[in-house]
Amino acid sequence: MPAHASKAAWRLLAACVIANAACFLSPATAQTTTTQTDALPRAETSERQDSFYCEERRLGYWFYCTRPKPPEQQAPAPAASATSQLDAITATLRELKAKAILEPTPANVTAYIRFQRAQLDRASLFSDVWQRAIWQDPELDYTLQRPVSTLGKRQWQDARSAERNAAMAQLSERYGLFYFFAQSCGACEVMSPIVQSVASTWHIAVRAISTDGGPSRHFPNYTVETNQRSRMGLEPKITPAVVLWDALTGRPIPIGYGVMSADELQDRIYLLTSKEAGRDY
């Protein structure tokens with residue numbers, strides 16, 4: 001066989017081997033090759049298309065080159081405060097009332113009545129819940145300190161009178177009374193026997209002082225005023241005036257001016273000497 005024929009045969013045999021090898025490539029290898037081919041960045045393709053249509057050919061009107069922005073989420077409006085809601089109800093009620101008065105048509109009057117009744121129902125509900133809350137919480141029930149029922153009030157007054165009388169019985173050990181009167185004072189004629197009766201009951205010493213120099217049939221051992229009221233810081237022109245004198249501290253305690261009943265006079269003395277401000281209420 002000639003040499004050139006042998007070379008041709010060898011080339012033919014190599015081509016057949018290469019062809020057979022290509023036919024027997026695995027599907028995974030072929031798929032991998034295809035995937036790598038298709039894996040070109042779509043973003044780059046899209047950008048090239050946008051550049052071609054929107055910049056080179058300027059077809060933005062038809063191809064939406066300017067992409068719409070996503071809508072901004074608006075923050076929820078803050079809830080109205082209870083005070084503003086109540087103010088709005090009051091304003092609406094006043095407006096409906098004014099409109100019903102100025103234009104008293106059946107529609108306007110009916111609208112005002114309906115709205116007013118709704119607010120009355122709201123107030124009634126509040127009052128009912130208020131009362132129930134007081135019943136269930138003794139710390140909120142003021143009637144435990146000051147009863148309002150007839151039976152409870154009577155019991156409270158009896159206990160209070162006993163407490164007051166016990167304090168008044170010890171009063172003379174520390175306190176005395178200054179009683180300022182005037183002969184020309186009509187109220188003094190009413191007040192003088194009351195002061196005398198209270199002082200005699202609790203054995204309290206009384207120093208009666210005549211502001212005009214005139215006598216008193218209830219206090220024959222009176223003295224004429226020599227600027228005592230001014231030194232005590234009292235109003236100098238009002239009679240009768242009752243002042244409690246604290247011998248321990250050397251200070252005056254004004255009890256009151258004008259006519260008072262015996263119970264009121266004793267209550268004032270008791271409160272001013274035995275109770276701190278705010279403790280009795």
# chains A, B, ... in the order shown; residues from 1 in each chain; ligands from 1

call {"tool": "select_by_dssp", "arguments": {"residues": "segment 207-239 of chain A", "states": "helix (DSSP H, G or I)", "output": "short mmCIF file (atom, residue, chain, number, x, y, z; two decimals) with N, CA, C and O atoms, in the first residue's frame"}}
result
data_model
loop_
_atom_site.label_atom_id
_atom_site.label_comp_id
_atom_site.auth_asym_id
_atom_site.auth_seq_id
_atom_site.Cartn_x
_atom_site.Cartn_y
_atom_site.Cartn_z
N GLN A 228 -56.10 96.00 122.94
CA GLN A 228 -55.78 94.57 122.96
C GLN A 228 -55.99 93.92 121.58
O GLN A 228 -55.20 93.07 121.17
N ARG A 229 -57.06 94.30 120.89
CA ARG A 229 -57.34 93.67 119.60
C ARG A 229 -56.24 93.94 118.57
O ARG A 229 -55.87 93.05 117.79
N SER A 230 -55.72 95.14 118.56
CA SER A 230 -54.64 95.46 117.61
C SER A 230 -53.40 94.64 117.91
O SER A 230 -52.71 94.16 117.00
N ARG A 231 -53.09 94.47 119.18
CA ARG A 231 -51.92 93.67 119.54
C ARG A 231 -52.10 92.20 119.18
O ARG A 231 -51.13 91.50 118.90
N MET A 232 -53.34 91.74 119.18
CA MET A 232 -53.61 90.35 118.79
C MET A 232 -53.74 90.18 117.27
O MET A 232 -53.87 89.06 116.78
#

call {"tool": "residues_around", "arguments": {"residues": "segment 166-170 of chain A", "least_positions_apart": "3", "cutoff": "12 Å", "atoms": "only C-alpha atoms", "output": "PyMOL selection string"}}
result
chain A and resi 159-163+173-176+198-204+263+265-275

call {"tool": "atom_distance", "arguments": {"atom1": "atom CA of Ala247 of chain A", "atom2": "atom CA of Ala205 of chain A"}}
result
11.7 Å

call {"tool": "closest_atom_pairs", "arguments": {"of": "segment 108-193 of chain A", "to": "segment 90-101 of chain A", "cutoff": "8 Å", "atoms": "only C-alpha atoms", "output": "Markdown table"}}
result
| residue | atom | partner | partner_atom | distance |
| --- | --- | --- | --- | --- |
| A:Asn108 | CA | A:Ala100 | CA | 4.9 |
| A:Val109 | CA | A:Ala100 | CA | 5.0 |
| A:Ala111 | CA | A:Leu96 | CA | 7.1 |
| A:Tyr112 | CA | A:Leu96 | CA | 5.1 |
| A:Phe115 | CA | A:Leu93 | CA | 6.9 |
| A:Gln116 | CA | A:Leu93 | CA | 6.8 |

call {"tool": "atom_distance", "arguments": {"atom1": "atom CA of Leu248 of chain A", "atom2": "atom CA of Met260 of chain A"}}
result
26.3 Å

call {"tool": "atom_distance", "arguments": {"atom1": "atom CA of Ile255 of chain A", "atom2": "atom CA of Gln157 of chain A"}}
result
21.4 Å

call {"tool": "closest_residue", "arguments": {"among": "A:Asn221, A:Ser261, A:Gln74, A:Ser210", "to": "Pro193 of chain A", "atoms": "only C-alpha atoms"}}
result
A:Ser261

call {"tool": "select_by_dssp", "arguments": {"residues": "segment 136-264 of chain A", "states": "strand (DSSP E)", "output": "PyMOL selection string"}}
result
chain A and resi 175-181+206-210+223-224+241-246+251-257

call {"tool": "write_last_selection", "arguments": {"atoms": "N, CA and C atoms", "output": "PDB file, in the first residue's frame"}}
result
ATOM      1  N   TYR A 175     -56.325  76.696 127.881  1.00  0.00           N
ATOM      2  CA  TYR A 175     -56.871  77.824 127.122  1.00  0.00           C
ATOM      3  C   TYR A 175     -57.808  78.673 127.971  1.00  0.00           C
ATOM      4  N   GLY A 176     -57.948  79.925 127.547  1.00  0.00           N
ATOM      5  CA  GLY A 176     -58.941  80.851 128.100  1.00  0.00           C
ATOM      6  C   GLY A 176     -59.574  81.614 126.942  1.00  0.00           C
ATOM      7  N   LEU A 177     -60.614  82.405 127.246  1.00  0.00           N
ATOM      8  CA  LEU A 177     -61.344  83.134 126.203  1.00  0.00           C
ATOM      9  C   LEU A 177     -61.243  84.636 126.423  1.00  0.00           C
ATOM     10  N   PHE A 178     -61.041  85.359 125.318  1.00  0.00           N
ATOM     11  CA  PHE A 178     -61.237  86.808 125.281  1.00  0.00           C
ATOM     12  C   PHE A 178     -62.535  87.057 124.538  1.00  0.00           C
ATOM     13  N   TYR A 179     -63.404  87.855 125.158  1.00  0.00           N
ATOM     14  CA  TYR A 179     -64.680  88.175 124.519  1.00  0.00           C
ATOM     15  C   TYR A 179     -64.795  89.686 124.397  1.00  0.00           C
ATOM     16  N   PHE A 180     -64.790  90.181 123.149  1.00  0.00           N
ATOM     17  CA  PHE A 180     -64.889  91.611 122.884  1.00  0.00           C
ATOM     18  C   PHE A 180     -66.332  91.943 122.533  1.00  0.00           C
ATOM     19  N   PHE A 181     -66.887  92.922 123.259  1.00  0.00           N
ATOM     20  CA  PHE A 181     -68.288  93.319 123.049  1.00  0.00           C
ATOM     21  C   PHE A 181     -68.389  94.841 123.140  1.00  0.00           C
ATOM     22  N   VAL A 206     -63.164  83.446 131.226  1.00  0.00           N
ATOM     23  CA  VAL A 206     -63.485  84.417 130.187  1.00  0.00           C
ATOM     24  C   VAL A 206     -63.068  85.807 130.656  1.00  0.00           C
ATOM     25  N   ARG A 207     -62.394  86.523 129.799  1.00  0.00           N
ATOM     26  CA  ARG A 207     -62.058  87.917 130.068  1.00  0.00           C
ATOM     27  C   ARG A 207     -62.857  88.767 129.091  1.00  0.00           C
ATOM     28  N   ALA A 208     -63.927  89.395 129.589  1.00  0.00           N
ATOM     29  CA  ALA A 208     -64.790  90.225 128.762  1.00  0.00           C
ATOM     30  C   ALA A 208     -64.208  91.629 128.671  1.00  0.00           C
ATOM     31  N   ILE A 209     -64.135  92.166 127.431  1.00  0.00           N
ATOM     32  CA  ILE A 209     -63.537  93.473 127.190  1.00  0.00           C
ATOM     33  C   ILE A 209     -64.546  94.335 126.443  1.00  0.00           C
ATOM     34  N   SER A 210     -64.891  95.469 127.021  1.00  0.00           N
ATOM     35  CA  SER A 210     -65.825  96.407 126.402  1.00  0.00           C
ATOM     36  C   SER A 210     -65.059  97.322 125.457  1.00  0.00           C
ATOM     37  N   THR A 223     -63.638  94.594 131.495  1.00  0.00           N
ATOM     38  CA  THR A 223     -62.613  95.642 131.473  1.00  0.00           C
ATOM     39  C   THR A 223     -62.744  96.411 130.167  1.00  0.00           C
ATOM     40  N   VAL A 224     -62.275  97.629 130.198  1.00  0.00           N
ATOM     41  CA  VAL A 224     -62.347  98.472 128.999  1.00  0.00           C
ATOM     42  C   VAL A 224     -61.121  98.190 128.131  1.00  0.00           C
ATOM     43  N   ALA A 241     -66.575  89.574 119.128  1.00  0.00           N
ATOM     44  CA  ALA A 241     -65.452  88.771 118.649  1.00  0.00           C
ATOM     45  C   ALA A 241     -65.000  87.854 119.765  1.00  0.00           C
ATOM     46  N   VAL A 242     -64.748  86.595 119.428  1.00  0.00           N
ATOM     47  CA  VAL A 242     -64.328  85.594 120.409  1.00  0.00           C
ATOM     48  C   VAL A 242     -62.927  85.120 120.028  1.00  0.00           C
ATOM     49  N   VAL A 243     -62.016  85.172 120.989  1.00  0.00           N
ATOM     50  CA  VAL A 243     -60.626  84.774 120.754  1.00  0.00           C
ATOM     51  C   VAL A 243     -60.225  83.780 121.832  1.00  0.00           C
ATOM     52  N   LEU A 244     -59.629  82.682 121.413  1.00  0.00           N
ATOM     53  CA  LEU A 244     -59.114  81.685 122.338  1.00  0.00           C
ATOM     54  C   LEU A 244     -57.642  81.995 122.595  1.00  0.00           C
ATOM     55  N   TRP A 245     -57.270  82.016 123.841  1.00  0.00           N
ATOM     56  CA  TRP A 245     -55.882  82.318 124.188  1.00  0.00           C
ATOM     57  C   TRP A 245     -55.176  81.059 124.648  1.00  0.00           C
ATOM     58  N   ASP A 246     -54.055  80.730 123.949  1.00  0.00           N
ATOM     59  CA  ASP A 246     -53.269  79.552 124.282  1.00  0.00           C
ATOM     60  C   ASP A 246     -52.203  79.961 125.290  1.00  0.00           C
ATOM     61  N   ARG A 251     -50.172  82.631 122.428  1.00  0.00           N
ATOM     62  CA  ARG A 251     -50.667  83.196 121.164  1.00  0.00           C
ATOM     63  C   ARG A 251     -52.192  83.157 121.128  1.00  0.00           C
ATOM     64  N   PRO A 252     -52.799  84.133 120.444  1.00  0.00           N
ATOM     65  CA  PRO A 252     -54.254  84.144 120.312  1.00  0.00           C
ATOM     66  C   PRO A 252     -54.704  83.281 119.138  1.00  0.00           C
ATOM     67  N   ILE A 253     -55.895  82.692 119.272  1.00  0.00           N
ATOM     68  CA  ILE A 253     -56.503  81.896 118.200  1.00  0.00           C
ATOM     69  C   ILE A 253     -57.893  82.471 117.950  1.00  0.00           C
ATOM     70  N   PRO A 254     -58.074  83.290 116.922  1.00  0.00           N
ATOM     71  CA  PRO A 254     -59.406  83.844 116.647  1.00  0.00           C
ATOM     72  C   PRO A 254     -60.406  82.733 116.356  1.00  0.00           C
ATOM     73  N   ILE A 255     -61.551  82.794 117.030  1.00  0.00           N
ATOM     74  CA  ILE A 255     -62.601  81.795 116.834  1.00  0.00           C
ATOM     75  C   ILE A 255     -63.639  82.272 115.832  1.00  0.00           C
ATOM     76  N   GLY A 256     -63.997  83.548 115.891  1.00  0.00           N
ATOM     77  CA  GLY A 256     -64.969  84.053 114.934  1.00  0.00           C
ATOM     78  C   GLY A 256     -65.552  85.379 115.367  1.00  0.00           C
ATOM     79  N   TYR A 257     -66.301  85.975 114.434  1.00  0.00           N
ATOM     80  CA  TYR A 257     -66.946  87.263 114.671  1.00  0.00           C
ATOM     81  C   TYR A 257     -68.454  87.104 114.471  1.00  0.00           C
TER      82      TYR A 257
END

call {"tool": "closest_residue", "arguments": {"among": "A:Ala82, A:Arg154, A:Pro240, A:Arg164", "to": "Val259 of chain A", "atoms": "only C-alpha atoms"}}
result
A:Pro240

call {"tool": "closest_residue", "arguments": {"among": "A:Arg146, A:His218, A:Arg122, A:Lys237", "to": "Gly258 of chain A", "atoms": "only C-alpha atoms"}}
result
A:Lys237
